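Q: Please see the structure below; I have some questions.
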Amino acid sequence: MSVLMSLAMFPTNTTGSKSKEVSEILNIIKDSGLKYQLTSMCTIVEAETLKELLDLVNLCYLKLEKLGYDRVYAVVNFDIRTNGENRIESKISSVEKHIGIVSK
């Protein structure tokens with residue numbers, strides 16, 4: 001099984017840039033050992049099971065809670081497929097076969 005998750009999470013009770021808080025979440029994702037890709041709007045993570053990603057979302061939230069944030073905004077999307085692997089890259093390659101290299 002291959003599960004892709006798009007995650008955007010940050011506290012809403014701060015002003016200005018959220019890069020410090022996003023960095024805290026990205027450290028949790030990095031430490032998970034799962035394959036991930038940071039984008040300007042979210043972080044994409046790939047795992048073998050949905051449970052792995054749900055547990056990861058919870059760890060990210062708990063980190064922000066531990067840091068004292070009392071309101072958190074999160075958007076999570078899943079693409080769950082019973083077969084496949086390395087879909088973070090293969091989905092892009094599939095499109096590039098039709099139109100050439102896309103900007104990165």
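Each chain of the structure tokens is named A, B, ... in the order shown, its residues numbered from 1; ligands are numbered from 1 in display order.
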List every residue of chain A that DSSP, applied to the backbone of this structure, places in strand (DSSP E or B), and write the result as a ChimeraX atom specification.
A: /A:2-11,35-38,43-47,72-81
Q: What parts of chain A does DSSP call alpha helix (DSSP H)? I'd like the answer as a ChimeraX atom specification.
A: /A:19-32,50-66,87-99
Q: Using only C-alpha atoms, which residues sit within 12 Å of segment 89-99 of chain A once same-chain residues fewer than 5 positions away are excluded, as an MDAnalysis selection string?
A: chainID A and resid 2 4 35:37 44:46 79 84 104
Q: Residues near Ile80 of chain A, anyone? I mean within 9 Å using only C-alpha atoms, not counting same-chain ones fewer than 5 positions away, as JSON, numbers by chain.
A: {"A": [1, 2, 3, 4, 5, 49, 50]}
Q: Quote the spacing between atom CA of Leu53 of chain A and atom CA of Ile101 of chain A in Å to one decimal place.
A: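 Rounded to one decimal, the two atoms are 29.2 Å apart.
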